[in-house]
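Raw contents of data-v8.tsv, TSV, C-alpha atoms:
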```
chain	number	residue	atom	x	y	z
A	1	MET	CA	-16.61	34.27	20.58
A	2	THR	CA	-17.65	31.46	18.22
A	3	PRO	CA	-19.46	32.15	14.94
A	4	PRO	CA	-23.28	31.89	14.94
A	5	ASP	CA	-24.64	28.31	14.84
A	6	VAL	CA	-21.17	26.84	15.46
A	7	THR	CA	-21.04	25.52	19.01
A	8	PRO	CA	-18.18	23.46	20.49
A	9	SER	CA	-19.28	20.14	21.95
A	10	ARG	CA	-19.22	19.55	25.70
A	11	GLY	CA	-16.55	16.91	25.12
A	12	GLU	CA	-14.34	19.39	23.30
A	13	ARG	CA	-14.70	21.93	26.07
A	14	LEU	CA	-14.03	19.33	28.77
A	15	LEU	CA	-10.77	18.20	27.18
A	16	GLN	CA	-9.71	21.74	26.31
A	17	SER	CA	-10.09	22.66	29.97
A	18	HIS	CA	-8.24	19.54	31.09
A	19	LEU	CA	-5.31	20.07	28.66
A	20	GLY	CA	-5.25	23.86	28.82
A	21	THR	CA	-5.96	24.42	25.11
A	22	GLY	CA	-9.13	26.51	25.43
A	23	GLU	CA	-7.51	29.75	24.25
A	24	ARG	CA	-6.01	28.08	21.17
A	25	ALA	CA	-9.32	26.40	20.44
A	26	ASP	CA	-11.22	29.68	20.67
A	27	ALA	CA	-8.82	31.23	18.15
A	28	PHE	CA	-9.46	28.30	15.80
A	29	TYR	CA	-13.24	28.58	16.17
A	30	ASP	CA	-13.13	32.35	15.53
A	31	ARG	CA	-10.85	32.25	12.49
A	32	GLN	CA	-11.42	28.88	10.83
A	33	VAL	CA	-14.88	27.49	11.59
A	34	HIS	CA	-17.69	28.78	9.38
A	35	ALA	CA	-21.43	28.11	9.36
A	36	HIS	CA	-21.39	28.20	5.55
A	37	LEU	CA	-19.00	27.62	2.65
A	38	THR	CA	-16.70	30.46	1.70
A	39	SER	CA	-15.98	31.13	-1.97
A	40	ALA	CA	-12.58	29.45	-1.60
A	41	MET	CA	-14.24	26.37	-0.06
A	42	ARG	CA	-16.77	26.18	-2.90
A	43	GLU	CA	-13.97	26.31	-5.46
A	44	PHE	CA	-12.00	23.68	-3.57
A	45	ILE	CA	-14.92	21.23	-3.47
A	46	GLY	CA	-15.58	21.85	-7.16
A	47	ARG	CA	-12.22	20.35	-8.15
A	48	GLN	CA	-12.20	17.36	-5.78
A	49	SER	CA	-12.65	13.84	-7.15
A	50	MET	CA	-13.06	12.03	-3.80
A	51	VAL	CA	-14.46	12.50	-0.32
A	52	PHE	CA	-14.50	10.51	2.92
A	53	LEU	CA	-17.89	10.19	4.64
A	54	SER	CA	-18.95	9.39	8.18
A	55	THR	CA	-22.49	8.53	9.30
A	56	ALA	CA	-24.12	6.74	12.22
A	57	ASP	CA	-27.41	4.97	12.79
A	58	SER	CA	-29.92	5.81	15.50
A	59	ARG	CA	-27.97	3.70	18.02
A	60	GLY	CA	-24.77	5.67	17.37
A	61	HIS	CA	-23.08	2.82	15.48
A	62	CYS	CA	-20.71	4.53	13.04
A	63	ASP	CA	-19.72	3.88	9.45
A	64	ALA	CA	-16.84	5.46	7.55
A	65	THR	CA	-16.71	5.20	3.78
A	66	PHE	CA	-15.36	6.76	0.60
A	67	ARG	CA	-16.91	8.26	-2.52
A	68	ALA	CA	-15.21	9.16	-5.79
A	69	GLY	CA	-16.19	10.52	-9.17
A	70	PRO	CA	-15.33	13.16	-11.75
A	71	PRO	CA	-14.01	16.44	-10.28
A	72	GLY	CA	-16.94	18.28	-8.75
A	73	PHE	CA	-19.14	15.19	-8.37
A	74	VAL	CA	-20.01	16.56	-4.93
A	75	MET	CA	-22.00	19.56	-6.08
A	76	VAL	CA	-22.23	22.93	-4.35
A	77	LEU	CA	-25.86	23.99	-4.71
A	78	ASP	CA	-25.31	27.15	-2.66
A	79	ASP	CA	-23.09	28.26	0.23
A	80	GLY	CA	-25.17	26.22	2.66
A	81	THR	CA	-26.01	23.08	0.66
A	82	LEU	CA	-24.09	20.20	-0.93
A	83	ALA	CA	-25.30	17.17	-2.86
A	84	TYR	CA	-23.68	13.97	-4.06
A	85	PRO	CA	-25.09	11.06	-6.10
A	86	GLU	CA	-25.61	7.51	-4.89
A	87	TYR	CA	-25.06	4.83	-7.54
A	88	ARG	CA	-26.08	1.18	-7.63
A	89	GLY	CA	-23.37	-0.76	-5.80
A	90	ASN	CA	-23.28	-3.81	-3.54
A	91	GLY	CA	-26.85	-3.23	-2.40
A	92	VAL	CA	-25.99	-2.68	1.27
A	93	LEU	CA	-26.56	1.12	1.29
A	94	ALA	CA	-24.90	1.52	4.69
A	95	SER	CA	-24.47	5.30	4.60
A	96	ALA	CA	-27.87	5.98	3.05
A	97	GLY	CA	-29.48	3.61	5.53
A	98	ASN	CA	-27.88	5.47	8.42
A	99	ILE	CA	-29.14	8.77	7.05
A	100	THR	CA	-32.74	7.52	7.13
A	101	GLU	CA	-32.31	7.04	10.91
A	102	ASN	CA	-29.85	9.79	11.81
A	103	PRO	CA	-29.24	12.83	9.59
A	104	HIS	CA	-25.86	13.80	11.04
A	105	ILE	CA	-23.06	13.47	8.50
A	106	GLY	CA	-19.39	14.42	8.26
A	107	LEU	CA	-17.39	14.86	5.05
A	108	LEU	CA	-13.64	15.20	4.66
A	109	PHE	CA	-12.18	16.43	1.38
A	110	MET	CA	-8.42	15.94	1.02
A	111	ASP	CA	-6.03	17.37	-1.55
A	112	PHE	CA	-3.04	15.01	-1.58
A	113	THR	CA	-1.50	16.32	-4.81
A	114	HIS	CA	-1.41	20.09	-5.12
A	115	ASP	CA	-2.08	22.15	-1.98
A	116	HIS	CA	-1.92	19.38	0.67
A	117	ILE	CA	-4.90	20.69	2.58
A	118	GLY	CA	-8.20	19.30	3.81
A	119	LEU	CA	-11.73	20.58	4.37
A	120	HIS	CA	-14.21	19.29	6.95
A	121	VAL	CA	-17.92	19.77	6.29
A	122	ASN	CA	-20.47	18.68	8.91
A	123	GLY	CA	-24.21	18.92	8.55
A	124	ALA	CA	-27.60	17.24	8.26
A	125	ALA	CA	-28.38	14.96	5.33
A	126	ARG	CA	-31.53	13.68	3.65
A	127	LEU	CA	-32.17	11.47	0.64
A	128	VAL	CA	-34.02	12.50	-2.52
A	129	THR	CA	-34.76	10.66	-5.73
A	130	ASP	CA	-32.89	11.40	-8.94
A	131	GLN	CA	-36.13	12.58	-10.53
A	132	ASP	CA	-36.74	15.08	-7.73
A	133	MET	CA	-33.15	16.28	-7.97
A	134	GLN	CA	-33.41	16.82	-11.73
A	135	THR	CA	-36.72	18.65	-11.32
A	136	THR	CA	-35.42	20.96	-8.59
A	137	HIS	CA	-32.00	21.50	-10.16
A	138	PRO	CA	-32.37	21.04	-13.94
A	139	TRP	CA	-28.84	22.29	-14.58
A	140	ILE	CA	-27.37	19.12	-13.05
A	141	PRO	CA	-26.33	16.70	-15.83
A	142	ALA	CA	-28.40	13.52	-16.01
A	143	ASP	CA	-25.26	11.43	-16.56
A	144	THR	CA	-23.17	12.58	-13.60
A	145	ALA	CA	-20.53	9.89	-14.19
A	146	PRO	CA	-19.71	8.16	-17.48
A	147	GLY	CA	-22.29	5.44	-18.07
A	148	ARG	CA	-23.83	5.71	-14.60
A	149	ARG	CA	-27.10	7.23	-13.44
A	150	PRO	CA	-27.79	8.00	-9.76
A	151	VAL	CA	-30.44	5.99	-7.94
A	152	LEU	CA	-30.56	8.53	-5.09
A	153	TRP	CA	-29.03	11.84	-4.08
A	154	THR	CA	-27.83	12.90	-0.65
A	155	LEU	CA	-28.61	16.53	0.14
A	156	ILE	CA	-26.58	18.10	2.95
A	157	THR	CA	-27.49	21.22	4.88
A	158	ILE	CA	-24.18	22.58	6.17
A	159	HIS	CA	-23.75	23.30	9.86
A	160	GLU	CA	-20.02	23.97	9.90
A	161	ALA	CA	-17.01	23.91	7.59
A	162	TYR	CA	-13.37	24.24	8.58
A	163	VAL	CA	-9.83	23.53	7.47
A	164	HIS	CA	-7.83	20.35	8.05
A	165	CYS	CA	-4.23	21.45	8.44
A	166	SER	CA	-1.57	20.32	6.00
A	167	LYS	CA	0.76	18.75	8.56
A	168	HIS	CA	1.37	15.05	7.85
A	169	ILE	CA	-0.79	14.96	4.69
A	170	PRO	CA	1.23	12.73	2.32
A	171	HIS	CA	1.99	13.72	-1.24
A	172	LEU	CA	0.35	11.39	-3.77
A	173	GLU	CA	0.71	11.44	-7.55
A	174	PRO	CA	-2.25	10.28	-9.64
A	175	ALA	CA	-1.57	7.23	-11.80
A	176	PRO	CA	-3.70	5.55	-14.45
A	177	ARG	CA	-5.79	2.58	-13.35
A	178	THR	CA	-4.23	0.63	-16.23
A	179	LEU	CA	-0.90	0.67	-14.38
A	180	LYS	CA	0.10	-2.95	-13.77
A	181	LEU	CA	-0.01	-3.98	-10.13
A	182	ALA	CA	3.24	-5.07	-8.51
A	183	ARG	CA	1.64	-8.43	-7.73
A	184	PRO	CA	-1.64	-10.12	-8.62
A	185	ARG	CA	-4.37	-9.81	-6.05
A	186	PRO	CA	-7.62	-11.65	-5.26
A	187	LYS	CA	-10.99	-10.35	-6.37
A	188	ASP	CA	-12.58	-7.76	-4.11
A	189	ALA	CA	-14.94	-10.26	-2.46
A	190	ASP	CA	-12.00	-12.53	-1.60
A	191	TYR	CA	-9.47	-9.89	-0.56
A	192	PHE	CA	-10.16	-10.10	3.20
A	193	PRO	CA	-11.12	-13.76	3.69
A	194	GLU	CA	-12.47	-15.19	6.91
A	195	PRO	CA	-9.97	-17.65	8.48
A	196	ALA	CA	-11.16	-21.24	8.41
A	197	PRO	CA	-12.40	-22.56	11.80
A	198	ALA	CA	-9.76	-24.54	13.69
A	199	SER	CA	-11.71	-27.80	13.33
A	200	LEU	CA	-11.80	-27.43	9.56
A	201	ALA	CA	-8.10	-26.60	9.49
A	202	CYS	CA	-7.34	-29.78	11.43
A	203	ASP	CA	-9.47	-31.84	9.07
A	204	ALA	CA	-7.68	-30.31	6.11
A	205	ARG	CA	-4.28	-31.17	7.60
A	206	GLN	CA	-5.34	-34.74	8.24
A	207	ASP	CA	-6.59	-35.07	4.69
A	208	ARG	CA	-3.19	-33.96	3.41
A	209	GLU	CA	-1.15	-36.29	5.68
A	210	PRO	CA	-0.18	-39.71	4.20
A	211	SER	CA	-1.92	-42.58	5.92
A	212	SER	CA	0.03	-45.18	7.91
A	213	PRO	CA	-0.98	-48.69	8.96
A	214	ALA	CA	-1.51	-47.48	12.50
A	215	HIS	CA	-3.95	-44.76	11.29
A	216	SER	CA	-5.36	-46.50	8.27
A	217	ARG	CA	-9.02	-47.45	8.47
A	218	SER	CA	-8.17	-50.76	6.71
A	219	ALA	CA	-5.58	-51.69	9.35
A	220	GLY	CA	-8.20	-52.70	11.88
A	221	PRO	CA	-8.08	-51.97	15.62
A	222	PRO	CA	-4.68	-51.59	17.28
A	223	LEU	CA	-3.13	-54.77	18.68
A	224	THR	CA	-2.91	-55.17	22.44
A	225	GLY	CA	-0.72	-57.50	24.50
A	226	SER	CA	1.83	-58.13	21.80
A	227	ARG	CA	4.56	-56.24	20.02
A	228	GLU	CA	6.21	-57.02	16.76
A	229	HIS	CA	9.96	-57.72	17.05
```
Take the structure from the file and write it as structure tokens.
Amino acid sequence: MTPPDVTPSRGERLLQSHLGTGERADAFYDRQVHAHLTSAMREFIGRQSMVFLSTADSRGHCDATFRAGPPGFVMVLDDGTLAYPEYRGNGVLASAGNITENPHIGLLFMDFTHDHIGLHVNGAARLVTDQDMQTTHPWIPADTAPGRRPVLWTLITIHEAYVHCSKHIPHLEPAPRTLKLARPRPKDADYFPEPAPASLACDARQDREPSSPAHSRSAGPPLTGSREH
């Protein structure tokens, strides 16, 4: 039997039946899936400095992204509620925009360094202002990251939380950002450039090719009926 408020999707059940994994899945639901954060989960989140996020708009178009900050920047307000700050960035606000249309959100916390384990948290999100957050939770520091103040907060009501197994999680060692890169790289905005259209590429090649009398504009039209010997 699954825990209260934690219901497998129809897609999960369909594939479990097709592949014969229903019994294993039921054992996972019973032992690992929780409708709230356990004390160990709360402690785990409190020491994480990054999280992967997934959201979707009202049409179901998905967006996956990444957030980072000081350890514990995703704050556990209680065993059923999380919050993380939104800072001024590129101005797109893709995840926050999705949340205004569709509250469903998924978070994945990963420990690559110590315990090599992950934690999934799925729930419903809503946006609140920094002022409202400070009023409701005055214990939260105003300066949640050095030199940065949130413009919004995302509040998450937890629906389910469960482990991501350690198999295949790579081991990563933290390194200072001042570490010199192996090779210089473009600026962020130029890192993934759009290829030039084929017509422009041809024009560029022609501009680079040395001109010849036959192709020179000053050579006049090609001669007909005669050949130089």
Restricting to only C-alpha atoms, whichever of A:Asp188, A:Glu194, A:Asp111, A:Glu12 is closest to A:Pro174 is A:Asp111
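Between atom CA of A:Leu152 and atom CA of A:Leu93 there is a distance of 10.6 Å.
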Point-to-point distance in Å for atom CA of A:Ala56 and atom CA of A:Pro71
26.5 Å
Write out as a PyMOL selection string the residues lying within 8 Å of A:Met110, counting only C-alpha atoms and excluding same-chain residues fewer than 4 positions away.
chain A and resi 48+50-51+116-119
Spatial neighbours of A:Pro70, max dist 9 Å, all atoms listed in the file, sep filter under 4 positions, as a list in words
Arg47, Gln48, Ser49, Met50, Val74, Thr144, Ala145 and Pro146 of chain A
With distances taken over all atoms listed in the file, which of A:His120, A:Arg149, A:Arg88, A:Lys187 is nearest to A:His164?
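That would be A:His120, the residue with the smallest distance to A:His164.
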Using atom CA of A:Ile169 and atom CA of A:Leu108 as the two end points, give the distance in Å to one decimal.
12.9 Å
Neighbouring residues of A:Leu82 were defined as those with any atom within 8 Å, considering all atoms listed in the file; residues of the same chain fewer than 2 positions away were excluded. Please report them as a ChimeraX atom specification.
/A:74-78,80,84,155-158
Produce the centre coordinates and the three edge lengths, each in Å to one decimal, of the box along x, y and z that contains all listed atoms of stretch 21-27 of chain A with 8 Å added on each side, as JSON.
```
{"center_x": -8.6, "center_y": 27.8, "center_z": 21.8, "size_x": 21.3, "size_y": 22.8, "size_z": 23.3}
```
Tell me which of A:Ile99, A:Leu53, A:Leu14, A:Leu181 sits closest to A:Phe66, counting only C-alpha atoms.
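Distance minimum relative to A:Phe66 lands on A:Leu53.
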Scan for residues within 9 Å of the point (-31.4, 4.1, 15.6) in the coordinates of the file, using only C-alpha atoms, and reply as an MDAnalysis selection string.
chainID A and resid 56:61 98 101:102
Hey, which of A:Leu19, A:Val33, A:Val121, A:Ala25 ends up closest to A:Phe109? Count only C-alpha atoms.
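Looking only at the distances to A:Phe109, the closest residue turns out to be A:Val121.
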Show me, as a PyMOL selection string, the residues that have an atom within 10 Å of A:His114 when counting all atoms listed in the file, minus same-chain residues fewer than 6 positions from it.
chain A and resi 171-173
